[in-house]
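The structure file model.cif is reproduced below (mmCIF, C-alpha atoms (C1' of nucleotides)).
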```
data_final
#
loop_
_atom_site.label_atom_id
_atom_site.label_comp_id
_atom_site.auth_asym_id
_atom_site.auth_seq_id
_atom_site.Cartn_x
_atom_site.Cartn_y
_atom_site.Cartn_z
CA MET A 1 -78.70 32.03 -11.35
CA THR A 2 -79.66 33.21 -14.79
CA GLU A 3 -79.14 36.74 -15.93
CA SER A 4 -82.76 37.73 -15.82
CA GLU A 5 -83.13 36.50 -12.27
CA SER A 6 -80.40 38.82 -11.12
CA ALA A 7 -82.59 41.89 -11.62
CA SER A 8 -82.84 43.84 -8.43
CA VAL A 9 -86.07 43.91 -6.52
CA ASP A 10 -85.12 47.16 -4.93
CA LEU A 11 -84.74 49.42 -7.92
CA GLU A 12 -86.89 52.15 -6.51
CA ILE A 13 -85.22 52.15 -3.11
CA ILE A 14 -81.82 52.47 -4.71
CA VAL A 15 -83.05 55.07 -7.12
CA GLN A 16 -84.37 57.44 -4.56
CA GLY A 17 -82.04 56.66 -1.72
CA ALA A 18 -83.52 57.36 1.69
CA GLN A 19 -86.31 59.78 0.79
CA GLU A 20 -84.79 63.13 0.25
CA GLY A 21 -86.50 66.19 -1.15
CA LYS A 22 -88.06 64.33 -4.05
CA LYS A 23 -91.42 65.33 -5.26
CA LEU A 24 -94.35 63.08 -4.48
CA GLU A 25 -95.19 62.55 -8.12
CA LEU A 26 -91.70 61.48 -9.02
CA ARG A 27 -91.48 59.07 -6.12
CA LEU A 28 -94.82 57.53 -7.02
CA TRP A 29 -93.80 57.17 -10.63
CA LEU A 30 -90.52 55.45 -9.78
CA ARG A 31 -92.31 53.03 -7.50
CA MET A 32 -95.03 52.30 -10.05
CA LEU A 33 -92.44 51.71 -12.71
CA SER A 34 -90.26 49.37 -10.69
CA THR A 35 -93.25 47.42 -9.40
CA THR A 36 -94.66 47.02 -12.88
CA LYS A 37 -91.30 45.89 -14.20
CA LEU A 38 -91.02 43.37 -11.40
CA ILE A 39 -94.42 41.84 -12.09
CA SER A 40 -93.89 41.91 -15.85
CA GLN A 41 -90.63 40.07 -15.57
CA GLU A 42 -92.17 37.43 -13.37
CA ILE A 43 -95.08 36.90 -15.74
CA ARG A 44 -92.76 36.87 -18.71
CA ARG A 45 -90.57 34.24 -17.10
CA ARG A 46 -93.50 32.01 -16.25
CA LEU A 47 -95.15 32.38 -19.66
CA ARG A 48 -91.88 31.40 -21.24
CA ASN A 49 -91.11 28.48 -18.94
CA GLU A 50 -94.59 27.01 -18.76
CA PHE A 51 -96.04 27.87 -22.16
CA GLY A 52 -93.22 28.97 -24.44
CA ALA A 53 -95.07 32.22 -25.06
CA THR A 54 -94.11 35.87 -24.76
CA LEU A 55 -95.97 38.58 -22.87
CA PRO A 56 -96.85 40.69 -25.93
CA GLN A 57 -98.24 37.60 -27.61
CA PHE A 58 -100.30 36.85 -24.52
CA ASP A 59 -101.65 40.39 -24.44
CA LEU A 60 -102.58 40.30 -28.06
CA MET A 61 -104.29 36.92 -27.76
CA ALA A 62 -106.20 38.18 -24.73
CA GLN A 63 -107.85 40.82 -26.89
CA LEU A 64 -108.74 38.33 -29.58
CA TYR A 65 -110.12 35.93 -26.99
CA ARG A 66 -112.59 38.57 -25.91
CA GLU A 67 -113.72 39.14 -29.47
CA ARG A 68 -114.20 35.78 -31.06
CA GLU A 69 -115.13 37.26 -34.42
CA GLY A 70 -111.70 38.85 -34.54
CA LEU A 71 -110.35 42.39 -34.59
CA ARG A 72 -108.85 44.65 -37.19
CA LEU A 73 -105.16 45.24 -36.69
CA GLY A 74 -105.69 48.92 -36.00
CA GLU A 75 -108.16 48.09 -33.26
CA LEU A 76 -105.71 45.54 -31.85
CA SER A 77 -103.07 48.26 -31.87
CA LYS A 78 -105.27 50.61 -29.82
CA ARG A 79 -106.32 47.99 -27.32
CA THR A 80 -102.86 46.61 -26.68
CA MET A 81 -101.25 50.07 -26.77
CA VAL A 82 -98.79 48.78 -29.31
CA THR A 83 -97.92 50.56 -32.54
CA ASN A 84 -99.36 49.41 -35.86
CA GLY A 85 -96.03 48.30 -37.19
CA ASN A 86 -95.50 46.22 -34.13
CA VAL A 87 -98.86 44.50 -34.40
CA THR A 88 -98.00 43.43 -37.92
CA GLY A 89 -94.98 41.50 -36.73
CA LEU A 90 -96.69 40.03 -33.68
CA VAL A 91 -99.61 38.72 -35.72
CA GLU A 92 -97.23 37.40 -38.35
CA ARG A 93 -95.41 35.26 -35.79
CA LEU A 94 -98.61 34.08 -34.14
CA GLU A 95 -99.97 33.11 -37.52
CA ALA A 96 -96.80 31.18 -38.29
CA ASP A 97 -97.39 29.28 -35.05
CA GLY A 98 -100.95 28.48 -36.05
CA LEU A 99 -102.47 30.44 -33.16
CA VAL A 100 -103.97 33.27 -35.16
CA LEU A 101 -105.60 33.61 -38.56
CA ARG A 102 -105.54 36.65 -40.82
CA VAL A 103 -108.47 37.46 -43.09
CA THR A 104 -109.22 40.33 -45.41
CA PRO A 105 -112.96 41.00 -45.47
CA ASP A 106 -114.67 41.39 -48.85
CA GLY A 107 -116.14 44.76 -47.97
CA ASP A 108 -112.89 46.63 -47.41
CA ARG A 109 -109.65 45.30 -48.78
CA ARG A 110 -107.53 47.72 -46.79
CA VAL A 111 -108.48 45.88 -43.65
CA THR A 112 -106.92 42.82 -42.08
CA VAL A 113 -108.85 41.03 -39.37
CA ALA A 114 -107.03 38.75 -36.96
CA LYS A 115 -108.80 36.05 -35.00
CA LEU A 116 -107.76 33.15 -32.82
CA THR A 117 -107.67 29.70 -34.30
CA GLU A 118 -109.08 26.73 -32.43
CA LYS A 119 -105.57 25.97 -31.29
CA GLY A 120 -105.11 29.58 -30.24
CA GLU A 121 -108.25 29.57 -28.11
CA THR A 122 -107.29 26.38 -26.37
CA GLN A 123 -103.80 27.55 -25.68
CA PHE A 124 -104.83 30.99 -24.49
CA SER A 125 -107.49 29.59 -22.22
CA ALA A 126 -104.85 27.59 -20.36
CA MET A 127 -102.48 30.53 -20.17
CA ALA A 128 -105.17 32.89 -18.90
CA ALA A 129 -106.10 30.62 -16.03
CA ALA A 130 -102.48 30.28 -14.99
CA HIS A 131 -101.90 34.01 -15.44
CA GLU A 132 -104.72 34.89 -13.09
CA GLY A 133 -103.40 32.49 -10.50
CA TRP A 134 -99.91 33.97 -10.68
CA LEU A 135 -101.27 37.42 -9.98
CA ARG A 136 -103.32 36.20 -7.04
CA ASP A 137 -100.24 34.52 -5.64
CA MET A 138 -97.99 37.52 -6.13
CA MET A 139 -100.43 39.86 -4.42
CA ALA A 140 -101.40 37.39 -1.72
CA ASP A 141 -100.06 39.56 1.10
CA VAL A 142 -102.11 42.61 0.14
CA GLU A 143 -105.52 43.14 1.71
CA PRO A 144 -108.42 42.97 -0.78
CA ALA A 145 -109.58 46.38 0.46
CA ILE A 146 -106.19 47.84 -0.42
CA ILE A 147 -106.30 46.26 -3.84
CA SER A 148 -109.70 47.77 -4.54
CA GLU A 149 -108.53 51.12 -3.31
CA LEU A 150 -105.45 50.96 -5.50
CA TRP A 151 -107.58 50.09 -8.49
CA ARG A 152 -109.73 53.13 -7.87
CA ASP A 153 -106.90 55.56 -7.18
CA ILE A 154 -104.75 54.42 -10.07
CA GLY A 155 -107.82 55.08 -12.16
CA GLU A 156 -107.61 58.67 -11.02
CA VAL A 157 -103.97 58.86 -11.97
CA LYS A 158 -104.70 57.41 -15.38
CA SER A 159 -107.48 59.89 -15.87
CA SER A 160 -105.28 62.82 -14.91
CA VAL A 161 -102.49 61.67 -17.17
CA SER A 162 -104.90 61.22 -20.06
CA ASN A 163 -105.99 64.83 -19.68
CA HIS A 164 -102.45 66.17 -19.76
CA LEU A 165 -100.91 64.43 -22.74
CA SER A 166 -98.94 66.56 -25.15
CA GLY A 167 -99.47 64.59 -28.32
CA ALA A 168 -101.67 61.91 -29.76
CA ASP A 169 -103.34 59.95 -27.01
CA PHE A 170 -104.71 56.53 -26.47
CA ASP A 171 -108.18 55.45 -25.52
CA MET B 1 -115.16 64.83 -1.85
CA THR B 2 -118.71 65.55 -2.94
CA GLU B 3 -121.61 63.25 -2.49
CA SER B 4 -122.04 62.53 -6.15
CA GLU B 5 -118.38 61.65 -6.53
CA SER B 6 -118.36 59.11 -3.76
CA ALA B 7 -121.58 57.59 -5.01
CA SER B 8 -120.28 57.14 -8.52
CA VAL B 9 -117.06 55.65 -7.26
CA ASP B 10 -118.87 53.09 -5.16
CA LEU B 11 -121.17 52.25 -8.00
CA GLU B 12 -118.27 51.71 -10.31
CA ILE B 13 -116.68 49.23 -7.96
CA ILE B 14 -119.85 47.23 -7.59
CA VAL B 15 -120.67 47.29 -11.26
CA GLN B 16 -117.19 46.44 -12.42
CA GLY B 17 -116.74 43.75 -9.85
CA ALA B 18 -119.94 41.96 -10.66
CA GLN B 19 -119.84 42.65 -14.36
CA GLU B 20 -116.62 41.05 -15.43
CA GLY B 21 -116.32 38.45 -12.74
CA LYS B 22 -112.63 39.22 -12.86
CA LYS B 23 -110.50 38.85 -9.86
CA LEU B 24 -109.40 41.97 -8.04
CA GLU B 25 -105.75 41.22 -8.55
CA LEU B 26 -106.09 40.82 -12.28
CA ARG B 27 -108.05 44.03 -12.65
CA LEU B 28 -105.50 45.94 -10.61
CA TRP B 29 -102.68 44.53 -12.66
CA LEU B 30 -104.31 45.47 -15.97
CA ARG B 31 -104.89 48.99 -14.76
CA MET B 32 -101.37 49.37 -13.40
CA LEU B 33 -99.96 48.12 -16.66
CA SER B 34 -101.98 50.40 -18.92
CA THR B 35 -101.33 53.43 -16.73
CA THR B 36 -97.62 52.75 -16.65
CA LYS B 37 -97.57 52.31 -20.43
CA LEU B 38 -99.42 55.57 -20.87
CA ILE B 39 -96.99 57.55 -18.72
CA SER B 40 -93.95 55.82 -20.25
CA GLN B 41 -95.07 56.67 -23.74
CA GLU B 42 -95.60 60.30 -22.82
CA ILE B 43 -92.19 60.58 -21.21
CA ARG B 44 -90.58 58.80 -24.12
CA ARG B 45 -92.22 61.15 -26.58
CA ARG B 46 -91.11 64.25 -24.68
CA LEU B 47 -87.57 63.00 -24.13
CA ARG B 48 -87.32 62.36 -27.82
CA ASN B 49 -88.86 65.64 -28.96
CA GLU B 50 -87.14 67.93 -26.50
CA PHE B 51 -83.81 66.21 -25.90
CA GLY B 52 -83.34 63.59 -28.61
CA ALA B 53 -82.86 61.00 -25.90
CA THR B 54 -84.49 57.66 -25.18
CA LEU B 55 -86.07 56.51 -21.93
CA PRO B 56 -83.61 53.66 -21.28
CA GLN B 57 -80.74 56.06 -21.79
CA PHE B 58 -82.33 58.50 -19.37
CA ASP B 59 -82.78 55.76 -16.77
CA LEU B 60 -79.21 54.63 -17.10
CA MET B 61 -77.85 58.15 -16.87
CA ALA B 62 -79.99 58.76 -13.79
CA GLN B 63 -78.12 56.01 -11.98
CA LEU B 64 -74.74 57.34 -13.02
CA TYR B 65 -75.75 60.83 -12.00
CA ARG B 66 -76.31 59.60 -8.47
CA GLU B 67 -72.92 57.92 -8.37
CA ARG B 68 -70.42 60.34 -9.76
CA GLU B 69 -67.53 57.89 -9.38
CA GLY B 70 -69.34 55.60 -11.77
CA LEU B 71 -70.86 52.12 -11.54
CA ARG B 72 -69.89 48.67 -12.71
CA LEU B 73 -72.05 47.43 -15.54
CA GLY B 74 -73.44 44.61 -13.42
CA GLU B 75 -74.52 47.11 -10.80
CA LEU B 76 -76.07 49.28 -13.49
CA SER B 77 -77.94 46.23 -14.70
CA LYS B 78 -79.42 45.56 -11.26
CA ARG B 79 -80.40 49.15 -10.63
CA THR B 80 -82.04 49.70 -13.98
CA MET B 81 -83.59 46.22 -14.03
CA VAL B 82 -82.12 45.70 -17.45
CA THR B 83 -80.18 42.60 -18.47
CA ASN B 84 -76.40 42.65 -18.64
CA GLY B 85 -76.33 42.15 -22.37
CA ASN B 86 -78.62 45.09 -22.80
CA VAL B 87 -76.50 47.36 -20.61
CA THR B 88 -73.51 46.63 -22.82
CA GLY B 89 -75.26 48.07 -25.86
CA LEU B 90 -76.76 51.03 -24.02
CA VAL B 91 -73.42 52.11 -22.61
CA GLU B 92 -71.80 51.59 -26.00
CA ARG B 93 -74.19 54.03 -27.65
CA LEU B 94 -73.94 56.55 -24.84
CA GLU B 95 -70.18 56.39 -25.06
CA ALA B 96 -70.33 56.96 -28.80
CA ASP B 97 -72.36 60.10 -28.07
CA GLY B 98 -69.76 61.30 -25.60
CA LEU B 99 -72.15 61.15 -22.65
CA VAL B 100 -70.57 58.23 -20.84
CA LEU B 101 -67.03 56.98 -20.31
CA ARG B 102 -65.94 53.37 -19.84
CA VAL B 103 -62.97 52.45 -17.68
CA THR B 104 -61.44 49.17 -16.57
CA PRO B 105 -59.99 49.54 -13.08
CA ASP B 106 -56.48 48.20 -12.42
CA GLY B 107 -57.58 46.07 -9.49
CA ASP B 108 -59.94 43.79 -11.39
CA ARG B 109 -59.75 43.51 -15.13
CA ARG B 110 -63.05 41.67 -15.40
CA VAL B 111 -64.84 44.86 -14.45
CA THR B 112 -65.98 47.77 -16.59
CA VAL B 113 -66.99 50.97 -14.81
CA ALA B 114 -69.22 53.49 -16.57
CA LYS B 115 -69.41 57.11 -15.52
CA LEU B 116 -70.95 60.28 -16.89
CA THR B 117 -68.77 62.70 -18.79
CA GLU B 118 -69.00 66.43 -18.16
CA LYS B 119 -71.28 66.66 -21.16
CA GLY B 120 -73.35 63.79 -19.82
CA GLU B 121 -73.86 65.47 -16.46
CA THR B 122 -74.92 68.74 -18.03
CA GLN B 123 -77.34 67.05 -20.39
CA PHE B 124 -78.85 64.79 -17.76
CA SER B 125 -79.32 67.62 -15.33
CA ALA B 126 -81.52 69.45 -17.83
CA MET B 127 -83.49 66.32 -18.67
CA ALA B 128 -84.09 65.47 -15.03
CA ALA B 129 -85.58 68.85 -14.26
CA ALA B 130 -87.93 68.62 -17.22
CA HIS B 131 -88.80 65.03 -16.38
CA GLU B 132 -89.90 65.95 -12.88
CA GLY B 133 -92.05 68.74 -14.23
CA TRP B 134 -93.75 66.46 -16.73
CA LEU B 135 -94.74 64.08 -13.96
CA ARG B 136 -96.11 66.89 -11.82
CA ASP B 137 -98.15 68.09 -14.78
CA MET B 138 -99.48 64.67 -15.68
CA MET B 139 -100.60 63.97 -12.12
CA ALA B 140 -101.88 67.47 -11.50
CA ASP B 141 -105.48 66.35 -11.02
CA VAL B 142 -104.65 63.86 -8.29
CA GLU B 143 -104.78 64.97 -4.66
CA PRO B 144 -101.39 64.91 -2.91
CA ALA B 145 -102.91 62.75 -0.18
CA ILE B 146 -103.94 60.18 -2.78
CA ILE B 147 -100.48 60.22 -4.30
CA SER B 148 -98.90 59.55 -0.93
CA GLU B 149 -101.38 56.79 -0.23
CA LEU B 150 -100.68 55.21 -3.59
CA TRP B 151 -96.97 55.35 -2.92
CA ARG B 152 -97.44 53.49 0.37
CA ASP B 153 -99.89 50.91 -0.95
CA ILE B 154 -97.94 50.15 -4.10
CA GLY B 155 -95.05 49.58 -1.77
CA GLU B 156 -97.11 46.84 -0.16
CA VAL B 157 -97.82 45.30 -3.53
CA LYS B 158 -94.18 45.40 -4.43
CA SER B 159 -93.27 43.80 -1.17
CA SER B 160 -95.80 41.03 -1.61
CA VAL B 161 -94.67 40.36 -5.16
CA SER B 162 -91.05 40.26 -4.05
CA ASN B 163 -91.93 37.55 -1.55
CA HIS B 164 -93.69 35.38 -4.11
CA LEU B 165 -91.29 35.27 -7.03
CA SER B 166 -90.69 31.89 -8.59
CA GLY B 167 -87.04 32.70 -9.12
CA ALA B 168 -87.04 33.54 -5.41
CA ASP B 169 -83.86 35.55 -5.33
CA PHE B 170 -83.25 38.32 -2.90
CA ASP B 171 -80.63 40.95 -2.50
"C1'" DT C 1 -48.71 25.77 -7.61
"C1'" DT C 2 -52.47 24.69 -10.22
"C1'" DC C 3 -56.82 24.23 -11.79
"C1'" DA C 4 -61.68 24.28 -11.34
"C1'" DA C 5 -65.34 27.13 -9.77
"C1'" DA C 6 -67.03 31.70 -9.51
"C1'" DC C 7 -67.42 36.20 -11.42
"C1'" DC C 8 -68.06 39.99 -14.96
"C1'" DT C 9 -68.90 41.29 -19.43
"C1'" DT C 10 -69.67 40.52 -24.19
"C1'" DT C 11 -71.66 38.19 -28.04
"C1'" DG C 12 -75.27 36.16 -30.96
"C1'" DA C 13 -79.86 34.89 -32.13
"C1'" DC C 14 -84.40 36.61 -31.90
"C1'" DA C 15 -88.45 39.23 -30.38
"C1'" DT C 16 -90.34 43.59 -29.34
"C1'" DT C 17 -90.51 48.51 -29.72
"C1'" DT C 18 -90.83 53.18 -31.92
"C1'" DC C 19 -91.03 56.38 -35.73
"C1'" DA C 20 -91.33 57.69 -40.40
"C1'" DA C 21 -92.10 56.68 -44.97
"C1'" DA C 22 -94.22 53.80 -48.37
"C1'" DT C 23 -98.37 51.00 -50.13
"C1'" DA C 24 -102.72 50.02 -50.95
"C1'" DT C 25 -107.59 50.84 -50.81
"C1'" DC C 26 -111.74 53.49 -50.10
"C1'" DG C 27 -114.88 57.42 -50.50
"C1'" DT C 28 -116.00 61.64 -52.36
"C1'" DC C 29 -116.06 65.74 -54.89
"C1'" DC C 30 -115.98 67.77 -59.38
"C1'" DG D 1 -114.65 58.57 -64.21
"C1'" DG D 2 -110.50 60.55 -62.39
"C1'" DA D 3 -107.99 62.94 -58.99
"C1'" DC D 4 -107.58 63.69 -54.01
"C1'" DG D 5 -107.77 63.24 -49.23
"C1'" DA D 6 -108.64 59.89 -45.66
"C1'" DT D 7 -107.97 55.32 -43.88
"C1'" DA D 8 -105.42 50.83 -42.96
"C1'" DT D 9 -101.55 48.22 -43.05
"C1'" DT D 10 -96.82 47.18 -44.16
"C1'" DT D 11 -92.00 48.13 -44.46
"C1'" DG D 12 -87.37 49.70 -42.96
"C1'" DA D 13 -84.00 51.50 -39.83
"C1'" DA D 14 -82.49 51.87 -35.34
"C1'" DA D 15 -82.90 50.94 -30.44
"C1'" DT D 16 -84.22 48.06 -26.66
"C1'" DG D 17 -85.20 43.64 -24.63
"C1'" DT D 18 -84.56 38.55 -23.31
"C1'" DC D 19 -81.91 34.36 -22.99
"C1'" DA D 20 -78.16 31.30 -23.59
"C1'" DA D 21 -73.54 30.61 -24.40
"C1'" DA D 22 -68.86 32.09 -24.78
"C1'" DG D 23 -64.83 35.13 -23.32
"C1'" DG D 24 -61.61 36.59 -20.13
"C1'" DT D 25 -60.22 37.21 -15.11
"C1'" DT D 26 -59.94 36.24 -10.33
"C1'" DT D 27 -60.16 33.34 -6.37
"C1'" DG D 28 -59.85 29.55 -3.46
"C1'" DA D 29 -58.96 24.95 -2.31
"C1'" DA D 30 -56.34 20.79 -3.03
#
```
Please, can you express the file's structure as structure tokens?
Amino acid sequence: MTESESASVDLEIIVQGAQEGKKLELRLWLRMLSTTKLISQEIRRRLRNEFGATLPQFDLMAQLYREREGLRLGELSKRTMVTNGNVTGLVERLEADGLVLRVTPDGDRRVTVAKLTEKGETQFSAMAAAHEGWLRDMMADVEPAIISELWRDIGEVKSSVSNHLSGADFD
Amino acid sequence: MTESESASVDLEIIVQGAQEGKKLELRLWLRMLSTTKLISQEIRRRLRNEFGATLPQFDLMAQLYREREGLRLGELSKRTMVTNGNVTGLVERLEADGLVLRVTPDGDRRVTVAKLTEKGETQFSAMAAAHEGWLRDMMADVEPAIISELWRDIGEVKSSVSNHLSGADFD
DNA sequence: TTCAAACCTTTGACATTTCAAATATCGTCC
DNA sequence: GGACGATATTTGAAATGTCAAAGGTTTGAA
């Protein structure tokens, strides 16, 4: 068993023990966090094993795949919820792998636009199909009605959180 | 719930579902991920500004706070869903700050047990109280009934995911 | 007893992450 | 046209994250 596989599936159960006097919000947050970590790790493992890619790279390419003309790095930063400095490095590595191209438009030389190469589009297209299948498989035991309901209600949570941020906010 | 609210919610489902042609599972995953990132970033920012601490450090200390006798690093790794190698560095830094103590028990010299110092307990206790308040604030606009429902349904998702991991390891 | 397998942690190479400060360019106001 | 504020990206330091491999230590079976 590799190290990454040893991660516990029951983080949240351990964290909160039985279910003592913990507040609803805290319990929900712990469960959201552990579930998200669990799914992320699974996707990360499969991306690595089957495509030799990382999750942040996949996320970034997903944005570029939706905008074939490319995106400015700042826009990429907003959409992926990753800091500017981080985007710089991610795009650098993807460019080194021939998956992404960087262009500075004539109009504004402050700007860098990243777009997928032919190779990048091909590769992402394969990854995206697999990615969608993995998620369907992982959530196979959950009723579609529950999934829709979750999507709606998590939207409410996201909305509430967005309205109660202390500092600079996304979106 | 008012009439207009339920109408708009239903509309949104129909529109979104037909519009993107995306599978339910994928849409749910993207929303879970962005919401979790949003909350994480807010907590990280507040931990940093108000306590000079990081989120991984907080998570690790939370586990040690629940087990006053301390925990082996491997157990810490499972509970925090962080790799062993990563735990080593985290504990190292916390020990350098005087928040955590490392001990090798006489019985088994392969093992390292980490436990909170007095200073660590005091500091974590303050952070935990604040942390719980932040979550209550962020989710203030969400009905308690919805929060409970989310907690249950995300539990179903987590359960389904756990049963469909490629690594297929269970505790 | 002995030694190979199993166990626990650390190490090393990289990738990702944040924040803050530095660079570079643009647009505008005077 | 020159200085200034706003915008866009990069850089640098430190922390976190993964994975694979290496280090000790213990255990169990021959």
**OP:** With the file shown as input, list the residues that the PyMOL selection byres ((chain A and resi 138-144) around 9) selects, as a ChimeraX atom specification.
**Re:** /A:39,133-137,145-149 /B:24-25,153,156-165
Select from chain B every residue with an atom at most 12 Å from any atom of chain D, then for each give the shortest pair of atoms and their distance in Å to one decimal, using only C-alpha atoms (C1' of nucleotides), rows by chain and rising number, as a Markdown table.
```
| residue | atom | partner | partner_atom | distance |
| --- | --- | --- | --- | --- |
| B:Ala53 | CA | D:DA15 | C1' | 11.0 |
| B:Thr54 | CA | D:DA15 | C1' | 8.7 |
| B:Leu55 | CA | D:DT16 | C1' | 9.9 |
| B:Pro56 | CA | D:DT16 | C1' | 7.8 |
| B:Gln57 | CA | D:DT16 | C1' | 10.0 |
| B:Met81 | CA | D:DG17 | C1' | 11.0 |
| B:Val82 | CA | D:DG17 | C1' | 8.1 |
| B:Thr83 | CA | D:DT18 | C1' | 7.7 |
| B:Asn84 | CA | D:DT18 | C1' | 10.3 |
| B:Gly85 | CA | D:DT18 | C1' | 9.0 |
| B:Asn86 | CA | D:DG17 | C1' | 7.0 |
| B:Val87 | CA | D:DT16 | C1' | 9.8 |
| B:Thr88 | CA | D:DT16 | C1' | 11.5 |
| B:Gly89 | CA | D:DT16 | C1' | 9.0 |
| B:Leu90 | CA | D:DT16 | C1' | 8.5 |
| B:Glu92 | CA | D:DA15 | C1' | 12.0 |
| B:Arg93 | CA | D:DA15 | C1' | 9.7 |
| B:Leu94 | CA | D:DA15 | C1' | 12.0 |
| B:Asp106 | CA | D:DT25 | C1' | 11.9 |
| B:Gly107 | CA | D:DT26 | C1' | 10.1 |
| B:Asp108 | CA | D:DT25 | C1' | 7.6 |
| B:Arg109 | CA | D:DT25 | C1' | 6.3 |
| B:Arg110 | CA | D:DT25 | C1' | 5.3 |
| B:Val111 | CA | D:DT25 | C1' | 9.0 |
```
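The two identical-sequence chains, chain B and chain A, differ by a C-alpha RMSD of 7.3 Å after optimal least-squares superposition.
Selected on chain C by distance to chain B: DC7, DC8, DT9, DT10 and DT11 of chain C (within 9 Å, counting only C-alpha atoms (C1' of nucleotides)).
Across B:Thr80, B:Thr104, B:Asn49, B:Thr117, the tightest approach to chain A is made by B:Thr80 when counting all atoms listed in the file.
Distance-wise, CA of Thr122 in chain A and CA of Leu99 in chain A end up 9.3 Å apart.
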The PyMOL selection byres ((chain B and resi 123) around 12) applied to the shown file, residues as a CSV table (one decimal) with C-alpha atoms, in the frame of the given file:
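Listed below is the output, result_17.csv:
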```csv
chain,number,residue,atom,x,y,z
B,47,LEU,CA,-87.6,63.0,-24.1
B,50,GLU,CA,-87.1,67.9,-26.5
B,51,PHE,CA,-83.8,66.2,-25.9
B,52,GLY,CA,-83.3,63.6,-28.6
B,53,ALA,CA,-82.9,61.0,-25.9
B,57,GLN,CA,-80.7,56.1,-21.8
B,58,PHE,CA,-82.3,58.5,-19.4
B,61,MET,CA,-77.8,58.2,-16.9
B,62,ALA,CA,-80.0,58.8,-13.8
B,65,TYR,CA,-75.8,60.8,-12.0
B,94,LEU,CA,-73.9,56.6,-24.8
B,97,ASP,CA,-72.4,60.1,-28.1
B,98,GLY,CA,-69.8,61.3,-25.6
B,99,LEU,CA,-72.2,61.2,-22.6
B,100,VAL,CA,-70.6,58.2,-20.8
B,116,LEU,CA,-71.0,60.3,-16.9
B,117,THR,CA,-68.8,62.7,-18.8
B,118,GLU,CA,-69.0,66.4,-18.2
B,119,LYS,CA,-71.3,66.7,-21.2
B,120,GLY,CA,-73.4,63.8,-19.8
B,121,GLU,CA,-73.9,65.5,-16.5
B,122,THR,CA,-74.9,68.7,-18.0
B,124,PHE,CA,-78.8,64.8,-17.8
B,125,SER,CA,-79.3,67.6,-15.3
B,126,ALA,CA,-81.5,69.4,-17.8
B,127,MET,CA,-83.5,66.3,-18.7
B,128,ALA,CA,-84.1,65.5,-15.0
B,129,ALA,CA,-85.6,68.8,-14.3
B,130,ALA,CA,-87.9,68.6,-17.2
```
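You will find CA of Leu101 in chain B at 12.8 Å from CA of Leu60 in chain B.
Counting from CA of Gly155 in chain B, the distance to CA of Met32 in chain A is 8.7 Å.
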**OP:** Dump as number ranges by chain all residues having an atom at most 10 Å from (-105.6, 50.1, -25.0), computed in the file's coordinates with all atoms listed in the file.
**Re:** A: 63, 75-82, 170-171; B: 34-35, 37-38
